[in-house]
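Data from upload-v4.txt: compact mmCIF, C-alpha atoms
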# COMPACT_ATOMS: atom_id res chain seq x y z
CA MET A 207 26.57 -12.93 11.32
CA VAL A 208 28.37 -13.73 14.60
CA ARG A 209 30.61 -16.53 15.74
CA THR A 210 29.08 -19.24 17.86
CA ALA A 211 30.87 -21.35 20.46
CA VAL A 212 32.16 -23.55 17.69
CA GLY A 213 34.77 -21.58 15.83
CA GLU A 214 34.02 -22.89 12.35
CA HIS A 215 30.30 -22.15 12.56
CA ARG A 216 28.46 -18.87 12.24
CA VAL A 217 24.85 -18.04 12.95
CA ASP A 218 22.99 -16.54 10.02
CA ARG A 219 20.85 -14.11 11.97
CA VAL A 220 18.66 -13.08 9.04
CA ALA A 221 17.86 -16.63 7.95
CA ALA A 222 17.37 -17.74 11.55
CA ALA A 223 14.98 -14.85 12.18
CA GLY A 224 12.98 -15.71 9.06
CA ALA A 225 12.74 -19.37 10.00
CA ILE A 226 11.71 -18.51 13.56
CA ILE A 227 9.02 -16.15 12.26
CA ALA A 228 7.68 -18.90 10.00
CA LEU A 229 7.73 -21.45 12.81
CA ALA A 230 6.01 -19.12 15.28
CA ALA A 231 3.35 -18.18 12.72
CA VAL A 232 2.61 -21.80 11.85
CA LEU A 233 2.36 -22.92 15.47
CA THR A 234 0.59 -19.96 17.10
CA LEU A 235 -1.60 -18.26 14.47
CA PRO A 236 -4.64 -19.53 12.53
CA PHE A 237 -3.42 -21.31 9.42
CA VAL A 238 -6.76 -21.13 7.60
CA ARG A 239 -10.24 -19.81 8.31
CA PHE A 240 -13.47 -21.67 7.56
CA ARG A 241 -16.06 -19.09 6.51
CA PRO A 242 -19.82 -19.58 5.99
CA ASN A 243 -19.57 -17.10 3.08
CA ARG A 244 -17.14 -14.62 1.53
CA VAL A 245 -17.95 -11.85 4.03
CA VAL A 246 -18.09 -13.46 7.49
CA THR A 247 -14.72 -13.79 9.25
CA GLY A 248 -15.31 -17.43 10.15
CA GLU A 249 -13.68 -19.95 12.45
CA PRO A 250 -9.87 -20.29 12.70
CA PHE A 251 -8.12 -23.64 12.25
CA ALA A 252 -4.52 -24.58 13.01
CA VAL A 253 -2.02 -26.10 10.64
CA THR A 254 -3.00 -29.54 11.92
CA SER A 255 -6.18 -29.24 9.83
CA ALA A 256 -3.97 -30.06 6.84
CA GLY A 257 -3.06 -33.44 8.32
CA ALA A 258 0.38 -34.96 7.90
CA ILE A 259 1.49 -32.38 5.35
CA GLY A 260 0.80 -29.65 7.92
CA TRP A 261 3.06 -31.35 10.46
CA ALA A 262 5.69 -31.69 7.71
CA LEU A 263 5.57 -27.92 7.25
CA ALA A 264 6.20 -27.34 10.96
CA ILE A 265 9.08 -29.82 10.94
CA LEU A 266 10.58 -28.10 7.91
CA CYS A 267 10.50 -24.78 9.81
CA VAL A 268 12.33 -26.39 12.74
CA LEU A 269 14.90 -27.81 10.30
CA MET A 270 15.60 -24.39 8.79
CA VAL A 271 16.02 -22.83 12.24
CA THR A 272 18.52 -25.57 13.12
CA LEU A 273 20.45 -25.20 9.87
CA ALA A 274 20.64 -21.41 10.17
CA MET A 275 22.06 -21.63 13.68
CA THR A 276 24.32 -24.69 13.55
CA MET A 277 25.38 -25.55 10.01
CA SER A 278 28.79 -24.58 8.66
CA ALA A 279 28.70 -21.32 6.71
CA THR A 280 30.38 -22.94 3.70
CA HIS A 281 27.37 -24.97 2.58
CA ARG A 282 24.54 -23.48 4.62
CA SER A 283 23.21 -20.88 2.18
CA PRO A 284 22.60 -23.26 -0.78
CA VAL A 285 20.97 -25.80 1.56
CA LEU A 286 18.71 -23.13 3.07
CA LEU A 287 17.83 -21.88 -0.41
CA PHE A 288 16.61 -25.31 -1.44
CA CYS A 289 14.82 -25.79 1.91
CA ALA A 290 12.96 -22.49 1.40
CA ALA A 291 11.95 -23.55 -2.12
CA VAL A 292 10.58 -26.80 -0.74
CA ALA A 293 8.89 -24.94 2.13
CA PHE A 294 6.90 -22.73 -0.26
CA ALA A 295 5.64 -25.81 -2.10
CA VAL A 296 4.81 -27.66 1.12
CA GLU A 297 2.87 -24.67 2.45
CA VAL A 298 0.81 -24.35 -0.73
CA TRP A 299 0.09 -28.09 -0.50
CA SER A 300 -0.86 -27.69 3.18
CA LEU A 301 -3.30 -24.89 2.37
CA GLY A 302 -4.94 -26.99 -0.30
CA ALA A 303 -5.13 -30.01 1.97
CA ALA A 304 -6.67 -27.99 4.80
CA ALA A 305 -9.23 -26.41 2.47
CA GLY A 306 -10.16 -29.75 0.94
CA SER A 307 -10.57 -31.34 4.36
CA LEU A 308 -12.78 -28.58 5.74
CA LEU A 309 -14.95 -28.36 2.63
CA ALA A 310 -15.30 -32.11 2.13
CA THR A 311 -18.78 -32.27 3.66
CA THR A 312 -20.14 -28.91 2.45
CA THR A 313 -22.10 -28.02 -0.67
CA GLY A 314 -23.05 -24.39 0.01
CA PRO A 315 -21.25 -21.05 -0.16
CA GLU A 316 -18.73 -22.01 2.52
CA ARG A 317 -15.16 -20.94 1.89
CA VAL A 318 -11.68 -21.46 3.32
CA SER A 319 -9.39 -18.43 3.40
CA VAL A 320 -5.66 -18.21 4.01
CA GLY A 321 -5.05 -17.38 7.66
CA ALA A 322 -2.57 -15.10 9.38
CA GLY A 323 -0.33 -18.05 10.22
CA ALA A 324 0.07 -18.96 6.55
CA TRP A 325 0.84 -15.35 5.57
CA GLY A 326 3.38 -15.13 8.39
CA ALA A 327 5.00 -18.34 7.19
CA PHE A 328 5.21 -17.00 3.65
CA ALA A 329 6.92 -13.87 4.99
CA GLY A 330 9.37 -15.96 7.03
CA PHE A 331 10.25 -18.16 4.06
CA ALA A 332 10.80 -15.03 1.95
CA ILE A 333 13.28 -13.73 4.54
CA VAL A 334 15.10 -17.07 4.54
CA THR A 335 15.19 -17.01 0.74
CA PHE A 336 16.63 -13.49 0.72
CA ALA A 337 19.37 -14.37 3.20
CA ALA A 338 20.24 -17.64 1.47
CA TRP A 339 20.20 -16.08 -2.00
CA ARG A 340 22.58 -13.38 -0.85
CA GLY A 341 24.96 -15.95 0.60
CA THR A 342 24.87 -18.34 -2.36
CA ALA A 343 27.56 -17.52 -4.88
CA SER A 344 26.76 -20.31 -7.34
CA ARG A 345 24.42 -19.24 -10.15
CA ILE A 346 23.66 -22.89 -10.83
CA ALA A 347 22.42 -23.34 -7.26
CA ARG A 348 20.30 -20.20 -7.49
CA ARG A 349 18.71 -21.18 -10.77
CA SER A 350 18.17 -24.75 -9.64
CA ALA A 351 16.46 -23.60 -6.44
CA THR A 352 14.28 -21.18 -8.40
CA LEU A 353 13.30 -23.92 -10.84
CA LEU A 354 12.61 -26.35 -8.00
CA GLY A 355 10.48 -23.78 -6.19
CA GLY A 356 8.49 -22.90 -9.30
CA ILE A 357 7.82 -26.51 -10.23
CA GLY A 358 7.08 -27.44 -6.63
CA VAL A 359 4.60 -24.61 -6.03
CA THR A 360 2.84 -25.30 -9.34
CA ALA A 361 2.59 -29.02 -8.63
CA ALA A 362 1.41 -28.36 -5.07
CA ALA A 363 -1.26 -25.95 -6.28
CA VAL A 364 -2.58 -28.39 -8.90
CA LEU A 365 -2.29 -31.64 -6.97
CA GLY A 366 -2.74 -30.35 -3.44
CA GLY A 367 -6.21 -28.90 -3.89
CA ALA A 368 -5.42 -25.18 -3.88
CA SER A 369 -8.49 -24.67 -6.06
CA HIS A 370 -10.58 -25.07 -2.89
CA LEU A 371 -9.18 -21.86 -1.41
CA SER A 372 -11.43 -18.80 -1.40
CA LEU A 373 -8.76 -16.68 -3.10
CA VAL A 374 -8.67 -19.07 -6.05
CA ARG A 375 -12.47 -19.12 -6.25
CA GLU A 376 -12.46 -15.32 -6.35
CA TYR A 377 -9.98 -15.48 -9.21
CA VAL A 378 -12.20 -17.88 -11.17
CA VAL A 379 -15.14 -15.50 -10.84
CA GLN A 380 -13.14 -12.30 -11.44
CA SER A 381 -10.50 -13.55 -13.90
CA GLU A 382 -11.61 -11.39 -16.84
CA VAL A 383 -11.93 -8.31 -14.66
CA LEU A 384 -8.56 -9.05 -13.03
CA TRP A 385 -6.58 -9.34 -16.26
CA SER A 386 -8.25 -6.26 -17.68
CA ALA A 387 -7.34 -4.39 -14.47
CA ILE A 388 -3.73 -5.59 -14.70
CA GLY A 389 -3.49 -4.34 -18.28
CA ARG A 390 -4.99 -0.99 -17.31
CA HIS A 391 -2.63 -0.73 -14.33
CA LEU A 392 0.39 -1.36 -16.54
CA PHE A 393 -0.85 1.25 -19.01
CA LEU A 394 -1.13 3.90 -16.28
CA VAL A 395 2.24 3.04 -14.74
CA GLY A 396 3.93 2.85 -18.14
CA GLY A 397 2.52 6.24 -19.11
CA GLY A 398 3.59 7.89 -15.87
CA LEU A 399 7.05 6.30 -15.91
CA GLY A 400 7.59 7.04 -19.60
CA PHE A 401 6.69 10.72 -19.35
CA GLY A 402 8.60 10.93 -16.07
CA ALA A 403 11.74 9.64 -17.81
CA LEU A 404 11.28 11.96 -20.82
CA ILE A 405 11.05 14.96 -18.49
CA GLY A 406 13.19 13.85 -15.56
CA VAL A 407 16.36 12.66 -17.29
CA PRO A 408 16.95 15.87 -19.30
CA LEU A 409 16.00 17.89 -16.22
CA GLY A 410 18.54 15.96 -14.16
CA VAL A 411 21.22 16.62 -16.77
CA ALA A 412 20.36 20.32 -16.76
CA ALA A 413 20.43 20.32 -12.95
CA SER A 414 24.02 19.07 -13.05
CA ARG A 415 24.96 22.04 -15.24
CA GLN A 416 23.27 24.93 -13.43
CA ARG A 417 22.81 25.40 -9.69
CA TRP A 418 19.52 27.32 -10.05
CA ILE A 419 18.02 24.54 -12.17
CA ARG A 420 19.15 22.00 -9.59
CA ASP A 421 17.59 23.92 -6.73
CA ALA A 422 14.35 24.55 -8.61
CA ALA A 423 13.95 21.06 -10.07
CA ILE A 424 14.84 18.97 -7.02
CA GLY A 425 13.07 21.37 -4.66
CA THR A 426 9.86 21.38 -6.71
CA ALA A 427 9.90 17.61 -7.20
CA GLY A 428 10.44 17.18 -3.47
CA ILE A 429 7.42 19.35 -2.69
CA ILE A 430 5.31 17.36 -5.16
CA GLN A 431 6.37 14.15 -3.43
CA THR A 432 4.93 15.40 -0.13
CA ILE A 433 1.43 15.95 -1.56
CA PRO A 434 -0.91 13.01 -0.73
CA SER A 435 -2.03 11.14 -3.81
CA LEU A 436 -5.75 11.81 -3.32
CA ALA A 437 -5.03 15.51 -2.84
CA MET A 438 -2.95 15.53 -6.02
CA LEU A 439 -5.81 13.98 -8.00
CA GLY A 440 -8.17 16.57 -6.56
CA LEU A 441 -5.83 19.42 -7.48
CA LEU A 442 -5.60 18.15 -11.07
CA PHE A 443 -9.36 17.81 -11.52
CA THR A 444 -10.23 21.48 -12.03
CA PRO A 445 -7.45 22.52 -14.48
CA LEU A 446 -7.81 19.41 -16.64
CA ALA A 447 -11.61 19.67 -16.68
CA ALA A 448 -11.33 23.36 -17.65
CA LEU A 449 -8.81 22.50 -20.37
CA ALA A 450 -11.14 19.86 -21.82
CA SER A 451 -14.03 22.34 -21.70
CA ALA A 452 -12.04 25.04 -23.47
CA TYR A 453 -10.71 22.65 -26.13
CA PRO A 454 -13.33 19.91 -26.74
CA VAL A 455 -11.02 18.14 -29.18
CA LEU A 456 -8.87 17.08 -26.20
CA ARG A 457 -11.72 14.95 -24.90
CA GLN A 458 -11.17 12.60 -27.82
CA TYR A 459 -7.75 11.86 -26.34
CA GLY A 460 -9.09 11.25 -22.84
CA VAL A 461 -8.17 14.63 -21.38
CA GLY A 462 -10.51 15.63 -18.56
CA GLY A 463 -10.93 15.81 -14.83
CA LEU A 464 -11.59 12.06 -14.58
CA GLY A 465 -10.05 9.03 -16.24
CA ALA A 466 -6.57 8.18 -17.41
CA ALA A 467 -5.31 11.72 -18.11
CA PRO A 468 -5.16 13.02 -14.52
CA ALA A 469 -3.90 9.61 -13.38
CA ILE A 470 -0.97 9.68 -15.80
CA VAL A 471 -0.19 13.32 -15.00
CA ALA A 472 -0.15 12.53 -11.28
CA LEU A 473 2.05 9.46 -11.75
CA THR A 474 4.42 11.47 -13.93
CA LEU A 475 4.77 14.09 -11.22
CA TYR A 476 5.44 11.47 -8.55
CA ALA A 477 8.04 9.76 -10.75
CA LEU A 478 10.04 12.95 -11.25
CA LEU A 479 11.85 13.14 -7.90
CA PRO A 480 13.72 9.78 -8.02
CA ILE A 481 14.49 10.19 -11.73
CA VAL A 482 15.70 13.79 -11.55
CA ARG A 483 17.67 13.16 -8.36
CA SER A 484 19.41 10.01 -9.58
CA THR A 485 20.24 11.54 -12.96
CA TYR A 486 21.66 14.63 -11.28
CA LEU A 487 23.75 12.55 -8.89
CA GLY A 488 24.97 10.28 -11.66
CA ILE A 489 26.03 13.06 -14.04
CA SER A 490 27.53 15.38 -11.43
CA GLY A 491 29.31 12.49 -9.71
CA VAL A 492 31.40 11.56 -12.75
CA ASP A 493 35.10 11.96 -12.06
CA PRO A 494 36.25 15.34 -13.49
CA ASP A 495 39.47 13.68 -14.66
CA MET A 496 37.43 11.50 -17.03
CA VAL A 497 35.65 14.56 -18.38
CA ASP A 498 39.01 16.31 -18.88
CA ALA A 499 40.31 13.23 -20.67
CA GLY A 500 37.35 13.39 -23.02
CA ARG A 501 38.01 17.04 -23.72
CA GLY A 502 41.63 16.20 -24.41
CA MET A 503 40.45 13.74 -27.06
CA GLY A 504 38.60 16.58 -28.80
CA MET A 505 35.06 15.88 -27.63
CA ASN A 506 32.57 18.75 -27.49
CA GLY A 507 29.82 19.17 -24.89
CA PRO A 508 27.18 16.81 -26.39
CA GLN A 509 29.81 14.18 -27.14
CA LEU A 510 31.11 14.33 -23.57
CA LEU A 511 27.57 13.90 -22.28
CA LEU A 512 26.63 10.97 -24.51
CA ARG A 513 29.97 9.15 -24.62
CA VAL A 514 31.39 9.78 -21.16
CA GLN A 515 28.95 11.11 -18.59
CA VAL A 516 25.76 9.22 -19.46
CA PRO A 517 27.47 5.78 -19.71
CA LEU A 518 29.15 6.35 -16.35
CA ALA A 519 25.94 7.66 -14.78
CA LEU A 520 23.72 4.95 -16.30
CA PRO A 521 23.63 2.71 -13.18
CA LEU A 522 22.22 5.56 -11.09
CA ILE A 523 19.81 6.62 -13.83
CA ILE A 524 18.42 3.08 -14.02
CA GLU A 525 18.25 3.02 -10.22
CA GLY A 526 16.07 6.12 -10.31
CA LEU A 527 13.80 4.51 -12.89
CA ARG A 528 13.55 1.41 -10.69
CA VAL A 529 12.52 3.44 -7.66
CA ALA A 530 10.02 5.42 -9.74
CA ALA A 531 8.49 2.25 -11.19
CA VAL A 532 7.95 0.63 -7.79
CA LEU A 533 6.56 3.90 -6.43
CA THR A 534 4.07 4.46 -9.24
CA ILE A 535 2.82 0.87 -9.16
CA GLY A 536 1.56 1.49 -5.63
CA ILE A 537 0.22 5.00 -6.23
CA ALA A 538 -1.66 3.88 -9.36
CA ALA A 539 -4.08 1.96 -7.14
CA VAL A 540 -5.49 5.24 -5.79
CA THR A 541 -6.39 6.44 -9.29
CA ALA A 542 -9.36 4.07 -9.19
CA PHE A 543 -11.16 6.86 -7.31
CA ILE A 544 -11.15 9.01 -10.47
CA SER A 545 -12.37 6.24 -12.78
CA ALA A 546 -8.92 5.53 -14.17
CA GLY A 547 -9.26 1.78 -13.59
CA GLY A 548 -6.46 -0.54 -12.60
CA LEU A 549 -6.05 -2.97 -9.74
CA GLY A 550 -7.24 -0.41 -7.25
CA VAL A 551 -10.78 -1.08 -8.47
CA LEU A 552 -10.66 -4.62 -7.07
CA VAL A 553 -8.97 -3.48 -3.85
CA PHE A 554 -11.55 -0.82 -3.04
CA LYS A 555 -14.41 -2.99 -4.21
CA GLY A 556 -13.28 -5.72 -1.83
CA LEU A 557 -12.93 -3.23 1.01
CA GLY A 558 -16.41 -1.89 0.33
CA GLN A 559 -17.93 -5.38 0.35
CA LEU A 560 -15.85 -6.55 3.34
CA ALA A 561 -14.58 -9.32 1.07
CA ASP A 562 -10.99 -9.94 2.16
CA ASP A 563 -10.13 -12.31 -0.67
CA LEU A 564 -11.37 -9.88 -3.33
CA THR A 565 -9.14 -7.21 -1.77
CA LEU A 566 -6.20 -9.60 -1.87
CA LEU A 567 -6.99 -10.45 -5.48
CA GLY A 568 -6.28 -6.84 -6.35
CA ALA A 569 -3.42 -6.28 -3.91
CA LEU A 570 -1.30 -9.36 -4.58
CA PRO A 571 -0.79 -8.62 -8.31
CA MET A 572 0.51 -5.17 -7.35
CA VAL A 573 3.05 -6.82 -5.05
CA VAL A 574 4.08 -9.14 -7.88
CA LEU A 575 4.35 -6.24 -10.35
CA ALA A 576 6.50 -4.26 -7.91
CA VAL A 577 8.84 -7.22 -7.37
CA LEU A 578 9.07 -7.86 -11.12
CA ALA A 579 9.82 -4.18 -11.74
CA ASP A 580 12.55 -4.24 -9.11
CA VAL A 581 14.13 -7.41 -10.51
CA GLY A 582 13.69 -6.26 -14.10
CA PHE A 583 15.46 -2.95 -13.66
CA ARG A 584 18.28 -4.61 -11.72
CA TRP A 585 18.69 -7.08 -14.58
CA LEU A 586 18.58 -4.19 -17.06
CA SER A 587 21.37 -2.45 -15.19
CA ARG A 588 23.54 -5.58 -15.31
CA ALA A 589 22.76 -6.08 -19.00
CA LEU A 590 23.40 -2.52 -20.18
CA VAL A 591 26.31 -1.53 -17.97
CA SER A 592 29.67 -3.26 -18.11
CA PRO A 593 31.03 -4.52 -14.76
CA GLY A 594 33.88 -2.01 -14.85
CA ILE A 595 31.58 1.00 -15.29
CA ARG A 596 28.89 -0.43 -12.99
CA GLY A 597 31.02 -0.11 -9.91
CA LEU A 598 32.10 3.50 -10.43
CA PRO A 599 29.05 5.49 -9.36
CA GLU A 600 27.56 2.95 -6.95
CA SER A 601 29.14 4.66 -3.96
CA SER A 602 26.65 7.44 -4.59
CA ALA A 603 23.62 5.13 -4.74
CA ALA A 604 22.80 5.64 -1.10
CA ASP A 605 22.60 9.40 -1.74
CA ILE A 606 19.48 8.94 -3.84
CA SER A 607 17.35 8.77 -0.71
CA THR A 608 19.07 11.69 1.03
CA ALA A 609 19.97 14.17 -1.70
CA GLY A 610 17.93 17.19 -2.56
CA ASP A 611 19.22 19.53 0.08
CA GLY A 612 21.12 21.58 -2.47
CA SER A 613 24.52 20.01 -1.86
CA ALA A 614 26.44 18.92 -4.91
CA PRO A 615 28.73 15.88 -5.23
CA ARG A 616 32.31 16.29 -6.26
CA GLY A 617 32.58 17.55 -9.80
CA ALA A 618 29.13 19.13 -9.92
CA ALA A 619 28.90 22.23 -12.02
CA ALA A 620 27.78 25.43 -10.38
What is this structure when it is put down as structure tokens?
Amino acid sequence: MVRTAVGEHRVDRVAAAGAIIALAAVLTLPFVRFRPNRVVTGEPFAVTSAGAIGWALAILCVLMVTLAMTMSATHRSPVLLFCAAVAFAVEVWSLGAAAGSLLATTTGPERVSVGAGAWGAFAGFAIVTFAAWRGTASRIARRSATLLGGIGVTAAAVLGGASHLSLVREYVVQSEVLWSAIGRHLFLVGGGLGFGALIGVPLGVAASRQRWIRDAAIGTAGIIQTIPSLAMLGLLFTPLAALASAYPVLRQYGVGGLGAAPAIVALTLYALLPIVRSTYLGISGVDPDMVDAGRGMGMNGPQLLLRVQVPLALPLIIEGLRVAAVLTIGIAAVTAFISAGGLGVLVFKGLGQLADDLTLLGALPMVVLAVLADVGFRWLSRALVSPGIRGLPESSAADISTAGDGSAPRGAAA
């Protein structure tokens, strides 16, 4: 933020940028596309196709730009937070209104898809929400804005005619396949993350004890991270297929060159680097004075680890799990190529059929799952770690993305 000409006002650059992006997208890019069928690109239509509600959306964007640049910093963030919540609902209503208007005289396979302008507006409103959420200290205001946004978007979708949109029609047709794919995706990610934690956390603890383990574990995990996901699945095919051939009983448990087994193994390998690295940083970054105090109280090695080091390192350990979860949610889509299932099936099926909305039907749930994983692990960190302990290792959080070069934080064991 910077001071404007008026001393008591500050410009919220992030919120202003988000609002400007939304305004530019609404005014200059196609808001919706009228398509003769689910494959043809179709004809673009502006936000004015939604009628008065479309103009209301543009005016709301202008209002948020004005508030971000001129309103006093004291009350601006809560106001912008509520404006963004309303903007999401108004945009959903505008999309439904535009689709209903364009399809009013049709009875065939015509469809209306969400245009680039609407996606740009969604992105802009998300930026405004992020900036306003960060600047709003009141939990009541945050929860109220979240509740208002949820109710508003739901009401707009039901009453505004969102069922006319092509994306919703794809969901109606593919709903059973979609929910099955979501369940399969969660199974693959849960398996990879679970095995990654079972292997990575003890390995990170061992890495904090011995330099050679640290170099070997973080170096190997770093090399694994550089292997493209399709190449990794190809490398796993031959050994797992040979293992299933040598021991046929393993086939009963899904072990083979195709299916869930290589997918979970690959996801486990990709999850190792953030988990091992964050655990190593958390354990080795504990203040040696606290460890000495524990020894002075008569604690042995395991007691020091469980009662002193792990509680103090827990924020960074959870941070590594969060990064691994978000990472594996995206990589799991590629496992559709080896018949593992998941949301990648819908994504690649849509790409193969040139059906944009089918592709989005598979991609959007992955975005939602990644956001929920991020929020969930942050909430878990706040719930499990006391505020006093939570702040101790956070200075090392930024090192998670840069460590692995063999350097040890203060207090690391050789």
How big is the axis-aligned box, and where does its centre sit, when it encloses all atoms of range 533-537 of chain A listed in the file and has 8 Å added on every side, reported in Å to one decimal as JSON?
{"center_x": 3.4, "center_y": 2.9, "center_z": -7.4, "size_x": 22.3, "size_y": 20.1, "size_z": 19.6}
Who sits within 8 Å of range 261-265 of chain A, only C-alpha atoms, same chain under 6 positions skipped, as a list in words: Leu229, Val232, Leu233, Val253, Thr254, Ala293, Val296, Glu297 and Ser300 of chain A
Distance query Ala472 in chain A at most 7 Å, all atoms listed in the file, self and fewer than 4 positions along chain excluded, as JSON, numbers by chain: {"A": [438, 439, 468, 476]}
Could those selected residues go to a file with C-alpha atoms, as a PDB file, in the frame of the given file?
ATOM      1  CA  MET A 438      -2.950  15.530  -6.020  1.00  0.00           C
ATOM      2  CA  LEU A 439      -5.810  13.980  -8.000  1.00  0.00           C
ATOM      3  CA  PRO A 468      -5.160  13.020 -14.520  1.00  0.00           C
ATOM      4  CA  TYR A 476       5.440  11.470  -8.550  1.00  0.00           C
TER       5      TYR A 476
END
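Computed from the coordinates, the CA of Ser255 in chain A to CA of Ala304 in chain A distance equals 5.2 Å.
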Using all atoms listed in the file, which residues sit within 10 Å of range 344-358 of chain A once same-chain residues fewer than 5 positions away are excluded, as a list in words? Ser283, Pro284, Val285, Leu286, Leu287, Phe288, Cys289, Ala290, Ala291, Val292, Ala293, Phe294, Ala295, Val296, Val298, Trp299, Thr335, Ala338, Trp339, Ala363 and Val364 of chain A
